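Participant: Dropping the structure in here first, questions after.
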Amino acid sequence: MTAVLMAMIAALLIPMVEAFQDEDIWQRMLAFASIATKTSVMILVVSVLRDDWMIGMVGVLILSVGNAALMLLAHIIRRLSEVMEEY
Amino acid sequence: MINILSYVCIVIGLVFWFWGTWPLLGSRSVLFKLHSLSVADTLGSMAIVVGLLLRIPHEWPLLVLGLISLAIWNTVLGYVLAYCSTQEDS
Amino acid sequence: MSHSAITDNYLYVIMVLLPLAALMLVIQTSPYQALVIRGILGAVAALIYAVLGGADVALTEALVGTMLAITLYAVAVRSSLVMRLGVLSGEEVRSNLHWRPLLNYLRALLNRYHLRLELVTYDDVQTLHQALQTKDVHGTCLVCRPAEAVQLPDDDRPAQHSNPSTVPVDTLESPYLITLRVPRLYEIFTTELPPVMAQVKALGDDGLDDLRTGDRQPALADASTLTEDD
């Protein structure tokens with residue numbers, strides 16, 4: 001199970017590298033979306049690993065709410081791009 | 001038996017994760033990356049959660065809620081991101 | 001946490017991600033990029049808090065630290081990093097194609113300073129000038145044709161001693177005259193906007209002759225007395 005978590009951390013590093021190197025804001029949003037999903041699934045894995053219901057509930061909440069923040073941010077950036085071409 | 005099955009599910013999910021995330025590093029368009037990310041990432045995450053569900057069946061309400069929110073939110077998020085990112089081209 | 005001693009090694013690796021994300025956030029210069037990176041930092045921080053056992057802290061980080069803070073900051077940045085340029089409504093609608101190169105150039109120029117250009121239309125020159133005086137807009141852009149001299153309203157404020165009653169018509173230069181109220185914007189525009197695109201003038205400056213060579217010092221001194229409000 002620890003090996004699974006290590007592989008998950010390696011998978012988490014890929015979008016972080018992407019967010020670091022790419023200057024385009026939509027590519028960074030994609031990386032953010034990927035990281036948000038991956039971290040919450042990792043929280044779920046840790047909760048099952050420790051058999052801790054409390055952490056699992058936090059993971060599910062973050063999974064369902066974290067995406068809402070992403071959509072809000074995406075809409076605000078889109079409104080921005082309407083006035084300012086090629087940000 | 002159940003344990004092996006759960007491991008198989010989790011490993012399949014991990015493979016999907018790497019498969020879907022690896023195109024992020026390339027210099028393709030946003031929509032191509034979004035496609036691979038939303039399909040493979042969501043399927044991978046759902047496979048992992050199913051693996052966890054097989055492992056600990058008594059936490060099923062929580063994990064089923066996680067499955068449902070994964071399926072719904074990631075689909076909607078894919079549509080929203082695609083809509084928002086293509087608006088600036090037109 | 002009894003079994004944390006067994007699984008300590010993955011914990012260390014997860015902990016490394018937090019300063020990594022924080023470093024990425026700190027070296028960002030664009031405010032919107034920084035907001036996206038802040039979201040990544042929030043997700044990683046929530047993961048670490050949850051793994052370390054602080055479920056309530058992780059939930060607060062995800063809800064307040066990531067969602068609420070990012071939304072509020074995005075709205076704040078969007079409404080504050082903007083330059084409002086007042087134009088006449090009739091001119092903009094009528095000759096949109098003529099405006100296009102200047103507006104594109106201005107957008108590209110302001111883009112480098114992470115500013116956004118917002119056009120505010122006014123019906124006539126009087127309300128446009130009024131808006132500039134009452135700090136509704138940061139600057140105005142007028143088209144001066146050789147045939148006509150745009151008549152500005154007489155200012156009744158005694159402090160504004162050198163307000164021109166007539167905008168000078170320069171037939172050799174660009175027909176656009178940009179009047180700026182904010183000293184910093186005037187600095188940026190005079191140094192980076194070529195004179196063929198538009199003439200730049202600070203508010204309260206006579207601007208009868210060439211601004212870009214000799215009269216810059218008095219213009220800046222005059223403009224610096226105005227308060228900057230953004």
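Residue numbering restarts at 1 in every chain; chains get A, B, ... in the order shown in the structure tokens, and ligands count up from 1 in that same order.
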Using only C-alpha atoms and a cut-off of 8 Å, which residues of chain B sit close to chain A? Please list them as a PyMOL selection string.
Facilitator: chain B and resi 10-11+14+17-18+21-22+24-25+30+33-34+37+41+45+48-49+52+56+59+62-63+65-66+69-70+73-74+77+80-81+84-85+87-88
Participant: What does the file look like for those residues with N, CA and C atoms, as a short mmCIF file (atom, residue, chain, number, x, y, z; two decimals), in the first residue's frame?
Facilitator:
```cif
data_model
loop_
_atom_site.label_atom_id
_atom_site.label_comp_id
_atom_site.auth_asym_id
_atom_site.auth_seq_id
_atom_site.Cartn_x
_atom_site.Cartn_y
_atom_site.Cartn_z
N ILE B 10 -6.65 -1.02 -8.05
CA ILE B 10 -5.84 0.15 -7.73
C ILE B 10 -4.71 0.32 -8.74
N VAL B 11 -4.10 -0.82 -9.12
CA VAL B 11 -2.99 -0.72 -10.08
C VAL B 11 -3.51 -0.27 -11.44
N LEU B 14 -3.91 3.35 -11.21
CA LEU B 14 -2.63 4.05 -11.28
C LEU B 14 -2.13 4.14 -12.72
N TRP B 17 -3.98 6.76 -14.37
CA TRP B 17 -3.49 8.07 -13.92
C TRP B 17 -2.27 8.50 -14.72
N PHE B 18 -1.29 7.59 -14.80
CA PHE B 18 -0.07 7.96 -15.52
C PHE B 18 -0.36 8.18 -17.00
N THR B 21 -2.12 11.54 -17.32
CA THR B 21 -1.39 12.73 -16.89
C THR B 21 -0.16 12.98 -17.75
N TRP B 22 0.38 11.93 -18.34
CA TRP B 22 1.61 12.09 -19.10
C TRP B 22 1.47 13.07 -20.27
N LEU B 24 0.08 15.79 -20.34
CA LEU B 24 0.17 17.16 -19.82
C LEU B 24 1.53 17.77 -20.09
N LEU B 25 2.56 16.95 -20.08
CA LEU B 25 3.91 17.48 -20.22
C LEU B 25 4.22 17.89 -21.65
N VAL B 30 -4.79 22.62 -25.47
CA VAL B 30 -5.46 22.46 -24.19
C VAL B 30 -6.55 21.39 -24.29
N LYS B 33 -5.20 17.81 -24.20
CA LYS B 33 -4.81 17.44 -22.84
C LYS B 33 -6.03 17.24 -21.95
N LEU B 34 -7.03 18.11 -22.16
CA LEU B 34 -8.25 18.01 -21.34
C LEU B 34 -8.96 16.71 -21.59
N LEU B 37 -6.98 13.93 -19.99
CA LEU B 37 -7.01 14.10 -18.54
C LEU B 37 -8.37 13.74 -17.97
N ASP B 41 -8.13 10.28 -16.25
CA ASP B 41 -8.00 10.60 -14.83
C ASP B 41 -9.23 10.19 -14.05
N SER B 45 -9.24 7.40 -11.22
CA SER B 45 -9.65 7.70 -9.85
C SER B 45 -10.80 6.80 -9.42
N ILE B 48 -9.51 3.40 -8.61
CA ILE B 48 -8.84 3.38 -7.31
C ILE B 48 -9.87 3.34 -6.18
N VAL B 49 -10.91 4.16 -6.32
CA VAL B 49 -11.93 4.19 -5.26
C VAL B 49 -12.66 2.84 -5.19
N LEU B 52 -10.51 0.58 -3.28
CA LEU B 52 -10.61 0.85 -1.85
C LEU B 52 -11.91 0.32 -1.28
N ILE B 56 -12.28 -2.16 1.98
CA ILE B 56 -13.02 -1.87 3.22
C ILE B 56 -14.48 -1.67 2.86
N GLU B 59 -17.12 0.96 4.79
CA GLU B 59 -17.16 2.42 4.58
C GLU B 59 -17.87 2.75 3.26
N LEU B 62 -19.51 6.36 2.19
CA LEU B 62 -18.52 7.40 1.93
C LEU B 62 -17.89 7.22 0.55
N LEU B 63 -17.46 5.99 0.28
CA LEU B 63 -16.74 5.76 -0.98
C LEU B 63 -17.67 5.83 -2.17
N LEU B 65 -20.24 7.80 -2.28
CA LEU B 65 -20.40 9.24 -2.47
C LEU B 65 -19.21 9.81 -3.24
N GLY B 66 -18.02 9.35 -2.88
CA GLY B 66 -16.83 9.79 -3.59
C GLY B 66 -16.88 9.41 -5.06
N SER B 69 -19.46 11.69 -6.83
CA SER B 69 -19.00 13.06 -7.03
C SER B 69 -17.86 13.11 -8.04
N LEU B 70 -17.02 12.08 -8.04
CA LEU B 70 -15.96 12.01 -9.06
C LEU B 70 -16.57 11.99 -10.45
N TRP B 73 -18.70 15.49 -11.05
CA TRP B 73 -17.94 16.73 -11.04
C TRP B 73 -16.88 16.76 -12.12
N ASN B 74 -16.18 15.67 -12.32
CA ASN B 74 -15.11 15.71 -13.32
C ASN B 74 -15.67 15.86 -14.72
N LEU B 77 -16.75 19.48 -14.91
CA LEU B 77 -15.55 20.32 -14.93
C LEU B 77 -14.87 20.27 -16.29
N VAL B 80 -16.85 22.55 -18.47
CA VAL B 80 -16.67 23.96 -18.11
C VAL B 80 -15.30 24.45 -18.57
N LEU B 81 -14.29 23.65 -18.34
CA LEU B 81 -12.94 24.06 -18.73
C LEU B 81 -12.82 24.19 -20.25
N CYS B 84 -14.67 27.34 -21.28
CA CYS B 84 -13.99 28.57 -20.90
C CYS B 84 -12.71 28.77 -21.70
N SER B 85 -12.01 27.69 -22.02
CA SER B 85 -10.72 27.88 -22.66
C SER B 85 -10.85 28.11 -24.15
N GLN B 87 -13.32 29.94 -25.45
CA GLN B 87 -14.06 31.19 -25.66
C GLN B 87 -13.14 32.30 -26.15
N GLU B 88 -11.88 32.28 -25.73
CA GLU B 88 -11.00 33.38 -26.08
C GLU B 88 -10.55 33.33 -27.54
#
```
Participant: Residues at most 12 Å from Tyr10 of chain C, counting only C-alpha atoms, excluding those fewer than 2 positions away in the same chain, as a tab-separated table (two decimals) with N, CA, C and O atoms, in the first residue's frame?
Facilitator:
```
chain	number	residue	atom	x	y	z
A	1	MET	N	0.83	-1.21	0.00
A	1	MET	CA	0.00	0.00	0.00
A	1	MET	C	0.87	1.25	0.00
A	1	MET	O	0.53	2.27	-0.61
A	2	THR	N	2.00	1.20	0.67
A	2	THR	CA	2.93	2.34	0.64
A	2	THR	C	3.47	2.55	-0.76
A	2	THR	O	3.64	3.69	-1.20
A	3	ALA	N	3.74	1.43	-1.46
A	3	ALA	CA	4.22	1.55	-2.84
A	3	ALA	C	3.17	2.23	-3.72
A	3	ALA	O	3.50	3.06	-4.57
A	4	VAL	N	1.89	1.90	-3.46
A	4	VAL	CA	0.81	2.55	-4.21
A	4	VAL	C	0.84	4.05	-3.96
A	4	VAL	O	0.73	4.87	-4.88
A	5	LEU	N	1.03	4.43	-2.69
A	5	LEU	CA	1.06	5.86	-2.37
A	5	LEU	C	2.26	6.54	-3.01
A	5	LEU	O	2.16	7.68	-3.49
A	6	MET	N	3.40	5.84	-3.02
A	6	MET	CA	4.58	6.41	-3.67
A	6	MET	C	4.32	6.65	-5.16
A	6	MET	O	4.68	7.71	-5.71
A	7	ALA	N	3.67	5.68	-5.80
A	7	ALA	CA	3.34	5.85	-7.22
A	7	ALA	C	2.39	7.02	-7.41
A	7	ALA	O	2.50	7.79	-8.37
A	8	MET	N	1.47	7.19	-6.46
A	8	MET	CA	0.54	8.31	-6.55
A	8	MET	C	1.27	9.63	-6.42
A	8	MET	O	0.96	10.61	-7.12
A	9	ILE	N	2.26	9.69	-5.53
A	9	ILE	CA	3.04	10.92	-5.38
A	9	ILE	C	3.79	11.21	-6.68
A	9	ILE	O	3.87	12.36	-7.12
A	10	ALA	N	4.31	10.14	-7.30
A	10	ALA	CA	5.00	10.34	-8.59
A	10	ALA	C	4.03	10.87	-9.63
A	10	ALA	O	4.37	11.77	-10.41
A	42	MET	N	-5.87	10.67	-2.99
A	42	MET	CA	-4.81	10.24	-2.08
A	42	MET	C	-5.26	10.31	-0.62
A	42	MET	O	-4.93	9.44	0.19
A	46	VAL	N	-5.30	7.18	1.98
A	46	VAL	CA	-4.70	7.22	3.31
A	46	VAL	C	-5.74	6.89	4.37
A	46	VAL	O	-5.46	6.17	5.34
C	4	SER	N	1.97	5.18	12.22
C	4	SER	CA	2.64	6.19	11.40
C	4	SER	C	4.14	5.92	11.34
C	4	SER	O	4.81	6.41	10.45
C	5	ALA	N	4.65	5.14	12.27
C	5	ALA	CA	6.08	4.84	12.23
C	5	ALA	C	6.40	3.92	11.05
C	5	ALA	O	7.47	4.01	10.46
C	6	ILE	N	5.42	3.06	10.71
C	6	ILE	CA	5.66	2.15	9.59
C	6	ILE	C	5.63	2.91	8.28
C	6	ILE	O	6.41	2.67	7.38
C	7	THR	N	4.68	3.83	8.19
C	7	THR	CA	4.44	4.49	6.91
C	7	THR	C	5.08	5.87	6.85
C	7	THR	O	4.63	6.74	6.14
C	8	ASP	N	6.13	6.04	7.62
C	8	ASP	CA	6.73	7.36	7.69
C	8	ASP	C	7.34	7.82	6.37
C	8	ASP	O	7.31	8.99	6.06
C	12	TYR	N	7.24	11.72	4.42
C	12	TYR	CA	8.30	12.69	4.12
C	12	TYR	C	8.21	13.19	2.69
C	12	TYR	O	8.38	14.37	2.42
C	13	VAL	N	7.94	12.25	1.77
C	13	VAL	CA	7.86	12.65	0.36
C	13	VAL	C	6.72	13.62	0.14
C	13	VAL	O	6.84	14.61	-0.59
C	14	ILE	N	5.58	13.35	0.81
C	14	ILE	CA	4.44	14.26	0.66
C	14	ILE	C	4.79	15.64	1.23
C	14	ILE	O	4.46	16.67	0.65
C	15	MET	N	5.51	15.64	2.35
C	15	MET	CA	5.85	16.92	2.98
C	15	MET	C	6.72	17.78	2.08
C	15	MET	O	6.67	19.00	2.14
C	16	VAL	N	7.54	17.14	1.22
C	16	VAL	CA	8.43	17.91	0.35
C	16	VAL	C	7.61	18.72	-0.66
C	16	VAL	O	8.02	19.79	-1.08
C	17	LEU	N	6.42	18.20	-1.01
C	17	LEU	CA	5.63	18.86	-2.04
C	17	LEU	C	5.19	20.26	-1.62
C	17	LEU	O	5.03	21.14	-2.46
C	48	ILE	N	-1.61	17.30	2.96
C	48	ILE	CA	-0.66	17.10	4.06
C	48	ILE	C	-1.37	17.14	5.40
C	48	ILE	O	-1.13	16.31	6.29
C	51	VAL	N	-3.24	13.93	5.90
C	51	VAL	CA	-2.36	12.79	6.15
C	51	VAL	C	-1.79	12.85	7.56
C	51	VAL	O	-1.64	11.84	8.24
C	52	LEU	N	-1.54	14.08	8.01
C	52	LEU	CA	-1.01	14.22	9.37
C	52	LEU	C	-2.08	14.08	10.43
C	52	LEU	O	-1.78	14.14	11.62
```
Participant: Pull out every residue of chain A sitting within 6 Å of chain C, counting only C-alpha atoms, and send them as a ChimeraX atom specification.
Facilitator: /A:32,36,39,55,58,69
Participant: Keeping only all heavy atoms, write the selected residues as a PDB file, in the first residue's frame.
Facilitator:
```pdb
ATOM      1  N   PHE A  32      -3.979  22.183 -12.331  1.00  0.00           N
ATOM      2  CA  PHE A  32      -4.655  22.390 -11.048  1.00  0.00           C
ATOM      3  C   PHE A  32      -5.802  21.392 -10.877  1.00  0.00           C
ATOM      4  O   PHE A  32      -5.953  20.785  -9.802  1.00  0.00           O
ATOM      5  CB  PHE A  32      -5.156  23.830 -10.989  1.00  0.00           C
ATOM      6  CG  PHE A  32      -5.912  24.179  -9.745  1.00  0.00           C
ATOM      7  CD1 PHE A  32      -5.691  23.504  -8.557  1.00  0.00           C
ATOM      8  CD2 PHE A  32      -6.832  25.211  -9.753  1.00  0.00           C
ATOM      9  CE1 PHE A  32      -6.379  23.838  -7.416  1.00  0.00           C
ATOM     10  CE2 PHE A  32      -7.527  25.550  -8.623  1.00  0.00           C
ATOM     11  CZ  PHE A  32      -7.306  24.858  -7.452  1.00  0.00           C
ATOM     12  N   ALA A  36      -5.984  18.643  -7.965  1.00  0.00           N
ATOM     13  CA  ALA A  36      -7.091  18.642  -7.006  1.00  0.00           C
ATOM     14  C   ALA A  36      -7.718  17.255  -6.899  1.00  0.00           C
ATOM     15  O   ALA A  36      -7.981  16.752  -5.798  1.00  0.00           O
ATOM     16  CB  ALA A  36      -8.142  19.671  -7.434  1.00  0.00           C
ATOM     17  N   THR A  39      -5.041  14.738  -5.229  1.00  0.00           N
ATOM     18  CA  THR A  39      -4.825  14.865  -3.786  1.00  0.00           C
ATOM     19  C   THR A  39      -6.007  14.320  -3.004  1.00  0.00           C
ATOM     20  O   THR A  39      -5.824  13.656  -1.988  1.00  0.00           O
ATOM     21  CB  THR A  39      -4.586  16.330  -3.400  1.00  0.00           C
ATOM     22  OG1 THR A  39      -5.558  17.142  -4.027  1.00  0.00           O
ATOM     23  CG2 THR A  39      -3.218  16.779  -3.789  1.00  0.00           C
ATOM     24  N   ILE A  55     -10.932  11.137   8.223  1.00  0.00           N
ATOM     25  CA  ILE A  55     -10.114  11.630   7.111  1.00  0.00           C
ATOM     26  C   ILE A  55     -10.799  11.329   5.780  1.00  0.00           C
ATOM     27  O   ILE A  55     -10.783  12.140   4.855  1.00  0.00           O
ATOM     28  CB  ILE A  55      -8.709  10.989   7.181  1.00  0.00           C
ATOM     29  CG1 ILE A  55      -7.985  11.465   8.428  1.00  0.00           C
ATOM     30  CG2 ILE A  55      -7.891  11.361   5.965  1.00  0.00           C
ATOM     31  CD1 ILE A  55      -6.625  10.852   8.589  1.00  0.00           C
ATOM     32  N   VAL A  58     -13.355  13.924   5.029  1.00  0.00           N
ATOM     33  CA  VAL A  58     -12.717  15.157   4.557  1.00  0.00           C
ATOM     34  C   VAL A  58     -12.304  15.009   3.098  1.00  0.00           C
ATOM     35  O   VAL A  58     -12.484  15.924   2.279  1.00  0.00           O
ATOM     36  CB  VAL A  58     -11.496  15.473   5.451  1.00  0.00           C
ATOM     37  CG1 VAL A  58     -10.679  16.594   4.834  1.00  0.00           C
ATOM     38  CG2 VAL A  58     -11.956  15.867   6.822  1.00  0.00           C
ATOM     39  N   ALA A  69     -14.540  25.317  -6.748  1.00  0.00           N
ATOM     40  CA  ALA A  69     -13.620  26.452  -6.767  1.00  0.00           C
ATOM     41  C   ALA A  69     -12.957  26.583  -8.126  1.00  0.00           C
ATOM     42  O   ALA A  69     -12.797  27.681  -8.655  1.00  0.00           O
ATOM     43  CB  ALA A  69     -12.566  26.284  -5.687  1.00  0.00           C
TER      44      ALA A  69
END
```
Participant: Name the residues in contact with Tyr122 of chain C at a cut-off of 8 Å, using only C-alpha atoms, excluding same-chain residues fewer than 3 positions from it; report them as JSON, numbers by chain.
Facilitator: {"C": [86, 87, 88, 89, 125, 127, 128]}
Participant: Any chance you could export the current selection's N, CA and C atoms as an mmCIF file, in the first residue's frame?
Facilitator:
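The new file part14.cif reads:
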```cif
data_model
loop_
_atom_site.group_PDB
_atom_site.id
_atom_site.type_symbol
_atom_site.label_atom_id
_atom_site.label_comp_id
_atom_site.auth_asym_id
_atom_site.auth_seq_id
_atom_site.Cartn_x
_atom_site.Cartn_y
_atom_site.Cartn_z
ATOM 1 N N GLY C 86 -11.631 56.528 -21.226
ATOM 2 C CA GLY C 86 -12.874 57.116 -21.694
ATOM 3 C C GLY C 86 -12.795 57.501 -23.155
ATOM 4 N N VAL C 87 -13.802 57.100 -23.930
ATOM 5 C CA VAL C 87 -13.842 57.458 -25.341
ATOM 6 C C VAL C 87 -15.232 58.003 -25.648
ATOM 7 N N LEU C 88 -15.312 58.631 -26.795
ATOM 8 C CA LEU C 88 -16.614 59.115 -27.233
ATOM 9 C C LEU C 88 -17.359 57.983 -27.909
ATOM 10 N N SER C 89 -18.639 57.870 -27.593
ATOM 11 C CA SER C 89 -19.389 56.714 -28.077
ATOM 12 C C SER C 89 -19.563 56.753 -29.588
ATOM 13 N N VAL C 125 -17.976 65.408 -25.422
ATOM 14 C CA VAL C 125 -16.670 65.748 -24.871
ATOM 15 C C VAL C 125 -16.795 66.293 -23.457
ATOM 16 N N THR C 127 -18.992 65.528 -20.991
ATOM 17 C CA THR C 127 -19.107 64.480 -19.973
ATOM 18 C C THR C 127 -17.826 63.677 -19.872
ATOM 19 N N LEU C 128 -17.134 63.531 -20.999
ATOM 20 C CA LEU C 128 -15.863 62.810 -20.985
ATOM 21 C C LEU C 128 -14.849 63.539 -20.120
#
```
Participant: What's the separation between atom CA of Leu43 of chain B and atom CA of Ile12 of chain B, in Å to one decimal place?
Facilitator: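 So the two atoms, atom CA of Leu43 of chain B and atom CA of Ile12 of chain B, lie 9.4 Å apart.
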